[in-house]
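*Asks:* I am attaching a structure below and will ask some questions about it afterwards.
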Amino acid sequence: MMKGDSIQLLALLLVVQQAVTQDSGACVGPRCDFVCDCADCSDEQDCGYRGRDFVCDFEDAGMCGWTDKSSDGGYVWERRQRGHPLPDSGPSSDYTIGTSTGWFMAVTAVMAGSPSTAVLMSPLISQSAPTCRLRLRYFIWDSGYTGLGNSSLWGSVWQPDGQNAVVWRPENISVRAWREATIFLGRIPGPFYIQLHSHRQEGRRGDIAIDQLEFLDCALPVPSGSGGCEEGYLKCKHGGCVEERVVCDGTDDCGDGTDEQNCGQYMSCDFEDDLCGWDLRSLSSLKWIRTSQINISVSEPLRGPGRDHSNNSASGHFLYVTKPDVWKKDWTTFQSPRLAPTNSTHPCRMVMYTHQFGGVSGGLSVLVAEREIYPVWERGGSLGDLWVKAEVEFVVNSTFQILFVAAIRDQAYGGIAVDDITLSPECRLTNESIPRPSFPNPPKHPCTEASKICDFQSDCKDGEDEAQCGDFSFEQGSTGWTDMSIGSQSWKLSQENSVNNFTEVFLYVTDAPGQQLTEAQTRTPLLGPSGPSCTLQFSYSLSGSNPHTGELSVAVVDSVLGTLPRLWEISGRTGQDPASWVKEELYIGARDHRFQLEFRAHAQELNSGARIAVKDVYYVNCHPQYILSTSDGPSCNFETDLCGWYQDQTDNYDWSIINGSDHTIGRGRSLVVDMWSTTLRGLSGRLLSHRQSSLTEQCLLFFYKLYGPQTGALNVKVLHSDGSEQLLWTRVGAHGNLWQEGHCPVPSQLTTYQLVFEAVRSGFDGQVAIDDVAFVEGSCSLPTMCSFEGHTCGYSSGGASAWVHQNWDSTRTGPKTDHSLETEMGYYMLAHSSVEVLPQGNVMTLSSPVRRGVAHTECVRFWYHTGGDNPGTLTVYIKPVKGDKTKLFTSSLSQGHMWRLGMSNISWNGDWQLQFEVEGAGGKGTYIAIDDVIFSSHSCPTSGDVCDLERGLCGWSNTQSPYVDHLDWELSSLLFETHYPTPPYDHTLGNERGHFLFLPNTKRDSAGQNAWLLSPHLPPTKGTCLRFWVYQPVADDSRLVVWRLSEGVTHELLSLSHAGGNWRSFRINVTSEKEYQIVFEGFKGAKGVLALDDFGYTVGVDCNGVQTDQTTSPSRDYTGETVAIVIVTILLVVGACGLLVYYLKKKAQAQNSSSSADNTGFTNEMYDSSLVEDHVTFPSFSEQVQEKLP
């Protein structure tokens, strides 16, 4: 098909679209031209965007008209959500909403013999203005480590002639995060489609994704209401207005060619037919060439500029230079014809468009060659994947030539292109000769290697290597900032003399010739790497009469990861007086790669009264080896600072210091990540310790909170010096609105390492917090909770065979999922009891570290799993340090493929160990597994007890299976609740201190999602009474369903949508011929709260008090408790006598001599987890004085 025929066909399609609009009764007007002709903007619906904001977030199933046009059926684009659970590929959430329920576009998985291409195409768009750009968020992650290739994602424009012009090529770097990019579409005069391509041979689902498309400044100028134009503007034929400065600049700004007419006196060259007198000869062996994208490549997206500027097409011509196959020279030139002298009243003006893309682009300069050669304009490095307009003015009093010089780097891809050079009428050709010019002196050779320049440490005499890095401490420091602006505003350096003859140096925003309506940008040279104490100090001013002068922000451009999210931003005004400066201190932190700092700004209007400026820029304590002398190491209560911890700068968000209910003093400071924050994006926020070195085992002790119906996870890791990581400890899901104690063993390390606290945003409605961290030598004591994730908690194996610390994913043996995480990746301890491993009658043991005895009764709970027929006998003992072990629990039944709860009371004053013993029974392919060993400072509940939630969940548990629910029932009380709506009081105590389980309504988009609360396994019954209290004040909002669950099948016992504004009691008789569990399934509401309290069951006794079953407890042995009670009674008597003798001796000593009190420090023994306030207990001042008194 000929080009003209294609244009007519596409024009006909647009007419048909308009006709359909008219037939439907809507208003008349062109579709998809970024102008709302209809009152409801219906003419701009499903144009690749929706509504007056011209945005597409893919939340609507229509996808704003985007369609998959992939030809290789196996690799396509799809609209999808993250889903549950957190996948091992693709984004952890969408970008728009930031949760698992938000939608985005992503590719499917691919594993092909040859590369496949997935294509996503927009609807037909009428045309676009020169300023048109598409801002989007994209995701590129190589989760399978299969390699991204050179073209995992790129964008193109398909025009009527059938050519694809490449318009966007993002950095092909694997990062597990959403990133922002801008596609500069520019002026496209006729109908076109936008296409997004992904080209891969192997990759996982979702690893290439896009979201939140925003079309900006894409409409052509529209007629003004008055019909005229303001002064300084040109009226276009169609009625719109453009600035006079864009007349005859090589771009159709009007859209109808008005501003590019009557330009005959200008010397313009679009290089479509020839060089127009420009001379490409050069002294360098590297040469500029006149070419087109078609001549460079149409199959390799990274080669060439993708399109020319004149026609925005792949067939258009331009001048181009890139890295040659044989590297000899890194520079080249081309020059104009000879030009006649000019003067300041009639200067020669040149407009040009440059494309500086990729690492190959080292920079472009314009020089004047007359009697000598000197620079008049320059742009360093890469400016992005777009044509940038530039203007240069020449005032030269002798014959001269314009000289273009390109610098090329030895990098993977990129190049420099020039197109549409226009010389004003004042630039006159001449035949006058030019004397041989003197060449400028070559730049001074660097005093040190490039990697040491601007690395925050002086390596040369007088600090020459740090003198022009952007730090105003140096006389030439301010000159280190380079303007990188591509739009109508730019940064400029000013040096003003003040009243006291003091020169004030500052950077300020001014007008620029660029055509894009983007922010002004100025950057430092490459800096760093930096250390954990690195801080940027500067003063800024946003002054003027307008209350909203503009915006100012700071960003980091990483040499490997690209442009990172903004570190800091402000908008508005600091005052009307330009002298109203505000000081700011911004944390930069440790950055392992070289990086650049960037100031970005945009002024609402630039006039004599408005100004955005920055001065006094200083880099403070940025050298990588600098560590504050006040850093006390990892032990920290966070009351004054972060001690030996700092924020990771390669993660997705930061931890925050908050005041309030901390663990230390109840009203102090702790470190928090609010998962419910709508501003968070990405998966993880990490705290890093300073480097540690230890050849012996250490213990990391801390207190933590995991709170909320969908709270995510908390990990502790070791980050090795080679960049590899090792998981040491993890917790996931709701743990209640109270502080829990964490014990994390840190194995000995042969090299230096860092500790990592990592908050994982796998959930979106909760809070993760840490406080009172202590890092001590030696092994950890027996933790109160051990999930076996990352480590064995100090448990040791003995006997005829060894217990194995494993998961299903790596072994394909044992339980398919663990109990803690309910995933194939979760860990547990496994005893292979098969006869070939553990012969019949032989035993293998798993012993805990030594636990200190206490005076009160404790409860140990654990989950066990048996596999195969005749798996053997599991027996649990308490093994005193001195004395014989005592049986607590035993089971020898094959109880199906499920995790079961075991528990027993422990009352022992002396130190002891917990020991799990498995005895072989001769089975084949059998095993017994243990997970989630938990100690509570109170006795175990009995089957007839009501669970009042004042001491935990009494053996009930939230499931973590994503195939069953998405939320957790959360434990809290009104007294300590600061975020969620709750009942006004609990049912048990009837006050604000009492606890309950609840599902609140929140701002997150999880209404209708469910949470399962599971009872322990209960025996078959002819009648067991289930009792509970419900608070559900809002009707038809939340919902409670009570199920009987047996062998994977549920039977509904009750469904409730309104229980009233007060606590309401329910009793249900439960019958079952098989073993079963009770399930409380709550569905979160959008308005009210759903809460449970005082629930329990009487096994074998119905709700009328009639015993229906003969109850037995074959698996539980109370021998240990009986013996312990006798021992404890004897010990109490002996202890009382001992205390009396001690008191009498102490009293006698106090009368004869004074004693000095021991120095008490910050130790873990001071934590009393049984206190309701859950604070650190410090010896009172009066107690210390009493000890010192004679």
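By order in the structure tokens, chains are A, B, ...; within a chain, residues start at 1; ligands start at 1, following the order shown.
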Just want the 9 Å neighbourhood of stretch 535-547 of chain A, counted on only C-alpha atoms, with same-chain residues fewer than 4 positions away dropped. Output as number ranges by chain.
*Replies:* A: 551-552, 571-589, 603-605, 607-622
*Asks:* Next, dump the selected residues to file, keeping only C-alpha atoms, as an mmCIF file, in the first residue's frame.
*Replies:*
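Contents of the output file again07.cif:
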data_model
loop_
_atom_site.group_PDB
_atom_site.id
_atom_site.type_symbol
_atom_site.label_atom_id
_atom_site.label_comp_id
_atom_site.auth_asym_id
_atom_site.auth_seq_id
_atom_site.Cartn_x
_atom_site.Cartn_y
_atom_site.Cartn_z
ATOM 1 C CA GLU A 551 8.422 23.729 42.825
ATOM 2 C CA LEU A 552 11.933 22.659 43.836
ATOM 3 C CA SER A 571 6.293 23.848 46.483
ATOM 4 C CA GLY A 572 4.837 27.269 47.144
ATOM 5 C CA ARG A 573 6.793 30.282 48.327
ATOM 6 C CA THR A 574 9.395 31.042 50.982
ATOM 7 C CA GLY A 575 8.597 34.776 50.947
ATOM 8 C CA GLN A 576 8.227 37.794 48.710
ATOM 9 C CA ASP A 577 11.776 38.996 49.340
ATOM 10 C CA PRO A 578 14.466 37.200 47.252
ATOM 11 C CA ALA A 579 16.687 37.433 50.323
ATOM 12 C CA SER A 580 14.374 35.075 52.238
ATOM 13 C CA TRP A 581 16.581 31.975 52.243
ATOM 14 C CA VAL A 582 15.688 28.731 54.015
ATOM 15 C CA LYS A 583 18.358 26.272 55.150
ATOM 16 C CA GLU A 584 17.848 22.574 54.460
ATOM 17 C CA GLU A 585 19.779 19.452 55.433
ATOM 18 C CA LEU A 586 19.112 16.344 53.389
ATOM 19 C CA TYR A 587 20.321 12.828 54.139
ATOM 20 C CA ILE A 588 22.136 11.258 51.183
ATOM 21 C CA GLY A 589 23.452 8.179 52.969
ATOM 22 C CA ALA A 603 8.518 28.257 38.092
ATOM 23 C CA GLN A 604 4.873 29.114 37.492
ATOM 24 C CA GLU A 605 6.032 32.287 35.786
ATOM 25 C CA ASN A 607 9.533 37.718 35.778
ATOM 26 C CA SER A 608 11.515 40.293 37.688
ATOM 27 C CA GLY A 609 9.660 39.557 40.897
ATOM 28 C CA ALA A 610 9.715 35.756 40.853
ATOM 29 C CA ARG A 611 12.783 33.623 41.470
ATOM 30 C CA ILE A 612 13.754 30.073 42.407
ATOM 31 C CA ALA A 613 17.344 29.854 43.624
ATOM 32 C CA VAL A 614 19.783 27.641 45.535
ATOM 33 C CA LYS A 615 23.029 28.575 47.289
ATOM 34 C CA ASP A 616 25.527 27.409 49.928
ATOM 35 C CA VAL A 617 25.614 23.811 48.734
ATOM 36 C CA TYR A 618 27.870 21.661 50.911
ATOM 37 C CA TYR A 619 28.658 17.932 51.134
ATOM 38 C CA VAL A 620 29.048 16.948 54.795
ATOM 39 C CA ASN A 621 30.747 13.770 56.090
ATOM 40 C CA CYS A 622 30.360 11.991 52.745
#
*Asks:* Counting only C-alpha atoms, which residues in stretch 944-1044 of chain A sit no more than 12 Å from stretch 752-764 of chain A? For each one, give the nearest pair of atoms and the distance in Å, sorted by chain then residue number, as a tab-separated table.
*Replies:*
residue	atom	partner	partner_atom	distance
A:Gln960	CA	A:Gly763	CA	11.6
A:Pro962	CA	A:Ser762	CA	11.3
A:His966	CA	A:Gly763	CA	8.8
A:Leu967	CA	A:Gly763	CA	8.6
A:Asp968	CA	A:Gly763	CA	10.4
A:Thr1002	CA	A:Phe764	CA	10.7
A:Lys1003	CA	A:Phe764	CA	10.4
A:Arg1004	CA	A:Phe764	CA	7.3
A:Asp1005	CA	A:Phe764	CA	9.1
A:Ser1006	CA	A:Phe764	CA	8.9
*Asks:* Where does DSSP see helix (DSSP H, G or I) in stretch 175-290 of chain A, if you list the residues as a ChimeraX atom specification?
*Replies:* /A:244-246,258-260
*Asks:* Can you pull out the residues contacting stretch 474-480 of chain A? Cut-off 12 Å, using only C-alpha atoms, and skip same-chain residues under 4 positions away; I want them as an NGL selection string.
*Replies:* :A and (453-454 or 458 or 462-470 or 491-495 or 503-508 or 522-527 or 596-598 or 614-619)
*Asks:* For the residues in the current selection, export N, CA and C atoms as a compact mmCIF listing (two decimals), in the first residue's frame.
*Replies:*
# COMPACT_ATOMS: atom_id res chain seq x y z
N ILE A 453 38.14 11.32 41.24
CA ILE A 453 37.70 12.71 41.13
C ILE A 453 36.29 12.83 41.71
N CYS A 454 36.11 13.76 42.61
CA CYS A 454 34.81 13.98 43.28
C CYS A 454 34.38 12.76 44.10
N SER A 458 40.37 14.34 49.15
CA SER A 458 41.39 15.00 48.33
C SER A 458 42.54 14.04 48.04
N ASP A 462 46.29 20.56 46.85
CA ASP A 462 45.32 21.63 47.06
C ASP A 462 43.89 21.18 46.78
N GLY A 463 43.64 19.88 46.84
CA GLY A 463 42.28 19.38 46.65
C GLY A 463 41.73 19.62 45.26
N GLU A 464 42.62 19.64 44.26
CA GLU A 464 42.21 19.94 42.89
C GLU A 464 41.15 18.97 42.39
N ASP A 465 41.22 17.70 42.80
CA ASP A 465 40.27 16.70 42.32
C ASP A 465 38.88 16.89 42.90
N GLU A 466 38.75 17.71 43.94
CA GLU A 466 37.44 17.95 44.56
C GLU A 466 36.95 19.38 44.35
N ALA A 467 37.69 20.17 43.57
CA ALA A 467 37.45 21.61 43.51
C ALA A 467 36.24 22.00 42.67
N GLN A 468 35.82 21.17 41.72
CA GLN A 468 34.70 21.53 40.84
C GLN A 468 33.65 20.42 40.82
N CYS A 469 33.23 20.08 42.02
CA CYS A 469 32.29 18.96 42.17
C CYS A 469 30.91 19.41 42.64
N GLY A 470 30.70 20.71 42.72
CA GLY A 470 29.40 21.22 43.13
C GLY A 470 29.33 21.68 44.56
N TRP A 491 18.69 26.24 34.49
CA TRP A 491 19.44 26.78 35.62
C TRP A 491 20.61 27.61 35.10
N LYS A 492 20.93 28.66 35.85
CA LYS A 492 22.06 29.51 35.50
C LYS A 492 22.80 29.88 36.78
N LEU A 493 24.10 30.06 36.68
CA LEU A 493 24.93 30.45 37.82
C LEU A 493 25.06 31.97 37.87
N SER A 494 24.81 32.53 39.04
CA SER A 494 24.92 33.98 39.21
C SER A 494 25.94 34.30 40.29
N GLN A 495 26.69 35.36 40.07
CA GLN A 495 27.64 35.87 41.06
C GLN A 495 27.37 37.36 41.22
N THR A 503 30.65 38.84 47.30
CA THR A 503 30.09 38.19 46.12
C THR A 503 29.21 37.02 46.56
N GLU A 504 27.92 37.11 46.25
CA GLU A 504 26.98 36.04 46.57
C GLU A 504 26.82 35.15 45.34
N VAL A 505 27.10 33.88 45.51
CA VAL A 505 27.04 32.92 44.42
C VAL A 505 25.81 32.05 44.61
N PHE A 506 25.00 31.93 43.58
CA PHE A 506 23.83 31.07 43.68
C PHE A 506 23.41 30.59 42.30
N LEU A 507 22.65 29.52 42.27
CA LEU A 507 22.04 28.97 41.07
C LEU A 507 20.59 29.42 41.02
N TYR A 508 20.09 29.82 39.85
CA TYR A 508 18.70 30.26 39.77
C TYR A 508 18.08 29.78 38.46
N THR A 522 19.69 20.68 36.87
CA THR A 522 21.13 20.89 36.91
C THR A 522 21.76 19.79 37.75
N ARG A 523 22.91 19.28 37.27
CA ARG A 523 23.53 18.12 37.91
C ARG A 523 24.99 18.39 38.26
N THR A 524 25.44 17.62 39.26
CA THR A 524 26.86 17.59 39.60
C THR A 524 27.59 16.64 38.66
N PRO A 525 28.92 16.64 38.69
CA PRO A 525 29.66 15.54 38.06
C PRO A 525 29.37 14.24 38.84
N LEU A 526 29.92 13.14 38.37
CA LEU A 526 29.81 11.89 39.11
C LEU A 526 30.50 12.04 40.46
N LEU A 527 29.79 11.67 41.53
CA LEU A 527 30.31 11.77 42.89
C LEU A 527 30.44 10.38 43.50
N GLN A 596 25.14 11.17 40.71
CA GLN A 596 25.05 12.62 40.55
C GLN A 596 23.88 13.13 41.38
N LEU A 597 24.05 14.33 41.94
CA LEU A 597 22.94 15.02 42.59
C LEU A 597 22.30 15.96 41.58
N GLU A 598 21.00 16.11 41.68
CA GLU A 598 20.28 16.92 40.69
C GLU A 598 19.25 17.81 41.39
N VAL A 614 19.11 28.52 44.57
CA VAL A 614 19.78 27.64 45.53
C VAL A 614 21.19 28.17 45.75
N LYS A 615 21.65 28.16 47.00
CA LYS A 615 23.03 28.58 47.29
C LYS A 615 23.57 27.76 48.45
N ASP A 616 24.86 28.03 48.77
CA ASP A 616 25.53 27.41 49.93
C ASP A 616 25.33 25.89 49.95
N VAL A 617 25.73 25.26 48.85
CA VAL A 617 25.61 23.81 48.73
C VAL A 617 26.88 23.17 49.29
N TYR A 618 26.71 22.29 50.28
CA TYR A 618 27.87 21.66 50.91
C TYR A 618 27.62 20.16 51.07
N TYR A 619 28.70 19.37 50.87
CA TYR A 619 28.66 17.93 51.13
C TYR A 619 29.31 17.69 52.50
*Asks:* Please give the complete set of residues from stretch 465-601 of chain A that DSSP, run on the backbone, assigns to strand (DSSP E), formatted as an MDAnalysis selection string.
*Replies:* chainID A and resid 482:483 489:497 503:511 520:523 535:543 550:558 562:563 568:572 582:587 595:601
*Asks:* Show me, as a list in words, the residues that have an atom within 7 Å of A:Asp43 when counting only C-alpha atoms, minus same-chain residues fewer than 6 positions from it.
*Replies:*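 What passes the distance filter is Arg31, Cys32, Cys36 and Asp37 of chain A.
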*Asks:* Go through A:Trp1043, A:Pro815, A:Asp765, A:Glu919 and flag the residue nearest A:Gly799, using only C-alpha atoms for the distances.
*Replies:*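 Closest candidate: A:Glu919.
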*Asks:* Using only C-alpha atoms, which of A:Leu1026, A:Ile434, A:Val321, A:Val35 sits nearest A:Val418?
*Replies:*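 Closest to A:Val418 of all the choices is A:Val321.
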*Asks:* Between A:Arg50, A:His1058, A:Lys389, A:Arg951, which is the closest to A:Thr422 once you count only C-alpha atoms?
*Replies:* A:Lys389
*Asks:* What does the structure give for the distance between atom CA of A:Val175 and atom CA of A:Ile140, in Å to one decimal?
*Replies:*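 Straight-line distance from atom CA of A:Val175 to atom CA of A:Ile140 works out to 6.2 Å.
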*Asks:* Show me, as a tab-separated table (two decimals) with N, CA and C atoms, in the first residue's frame, the residues that have an atom within 10 Å of A:Leu975 when counting only C-alpha atoms, minus same-chain residues fewer than 2 positions from it.
*Replies:*
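Heads up, here's the output in part-v4.tsv:
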chain	number	residue	atom	x	y	z
A	972	SER	N	-6.03	-6.38	69.71
A	972	SER	CA	-5.75	-5.04	70.18
A	972	SER	C	-6.65	-4.70	71.35
A	973	SER	N	-6.49	-3.48	71.83
A	973	SER	CA	-7.37	-2.94	72.88
A	973	SER	C	-7.55	-1.46	72.59
A	977	GLU	N	-4.82	1.50	70.93
A	977	GLU	CA	-5.15	1.68	69.53
A	977	GLU	C	-5.11	3.15	69.15
A	978	THR	N	-4.30	3.48	68.15
A	978	THR	CA	-4.16	4.87	67.71
A	978	THR	C	-4.52	5.06	66.24
A	984	PRO	N	-15.89	0.28	71.57
A	984	PRO	CA	-15.59	1.23	72.66
A	984	PRO	C	-15.01	0.55	73.90
A	985	TYR	N	-15.15	-0.78	74.01
A	985	TYR	CA	-14.61	-1.53	75.15
A	985	TYR	C	-14.62	-3.01	74.75
A	991	ASN	N	-13.82	-2.58	79.59
A	991	ASN	CA	-13.14	-1.28	79.65
A	991	ASN	C	-12.14	-1.16	78.50
A	992	GLU	N	-11.38	-0.08	78.50
A	992	GLU	CA	-10.46	0.21	77.40
A	992	GLU	C	-9.20	-0.63	77.43
A	993	ARG	N	-8.93	-1.31	78.56
A	993	ARG	CA	-7.71	-2.11	78.65
A	993	ARG	C	-7.90	-3.52	78.11
A	994	GLY	N	-9.13	-3.99	78.02
A	994	GLY	CA	-9.39	-5.35	77.61
A	994	GLY	C	-9.13	-5.57	76.13
A	995	HIS	N	-8.79	-6.80	75.77
A	995	HIS	CA	-8.41	-7.14	74.41
A	995	HIS	C	-9.53	-7.83	73.64
*Asks:* Enter the distance from atom CA of A:Ser820 to atom CA of A:Asp931, in Å, rounded to one decimal.
*Replies:*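 Taking atom CA of A:Ser820 as the start and atom CA of A:Asp931 as the end point, the length is 7.3 Å.
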*Asks:* Got a sec: who's within 7 Å of stretch 939-950 of chain A, counting only C-alpha atoms, leaving out chain neighbours fewer than 5 positions off, as a list in words?
*Replies:*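 My reading of the contact set: Thr857, Glu858, Cys859, Ser904, Asn905, Thr988, Gly994, His995, Phe996, Asp1093, Asp1094, Phe1095, Gly1096, Tyr1097, Thr1098 and Val1099 of chain A.
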*Asks:* Which is closest to A:Ser488 among A:Leu971, A:Cys699, A:Ala450, A:Ala390, if we use only C-alpha atoms?
*Replies:*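 Looking only at the distances to A:Ser488, the closest residue turns out to be A:Ala390.
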*Asks:* Taking into account only C-alpha atoms, which residue in the set A:Thr679, A:Ser424, A:Asn164, A:Gln767 is nearest to A:Gly250?
*Replies:* A:Ser424
*Asks:* Which is closer to A:Ser936 than all the others in A:Thr1050, A:Ser174, A:Asn715, A:Thr784, using only C-alpha atoms?
*Replies:*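 Among the listed residues, the smallest separation from A:Ser936 belongs to A:Thr784.
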*Asks:* Show which residues sit within 12 Å of A:Pro435, as number ranges by chain. Count only C-alpha atoms, and ignore same-chain residues fewer than 5 positions away.
*Replies:* A: 338, 369-373, 398-401
*Asks:* Next, dump the selected residues to file, keeping only C-alpha atoms, as a compact mmCIF listing (two decimals), in the first residue's frame.
*Replies:*
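And here's result-v7.txt as it stands now:
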# COMPACT_ATOMS: atom_id res chain seq x y z
CA ARG A 338 32.06 30.89 6.10
CA ALA A 369 36.46 29.52 14.44
CA GLU A 370 37.90 32.93 13.51
CA ARG A 371 41.38 34.11 14.42
CA GLU A 372 41.17 31.64 17.23
CA ILE A 373 38.81 28.85 18.16
CA SER A 398 35.38 39.02 11.70
CA THR A 399 34.65 36.28 9.20
CA PHE A 400 33.95 33.02 11.05
CA GLN A 401 32.67 29.48 10.88
*Asks:* What is the distance, in Å and to one decimal place, between atom CA of A:Ser937 and atom CA of A:Thr664?
*Replies:*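 Result for atom CA of A:Ser937 versus atom CA of A:Thr664: 20.2 Å, one decimal.
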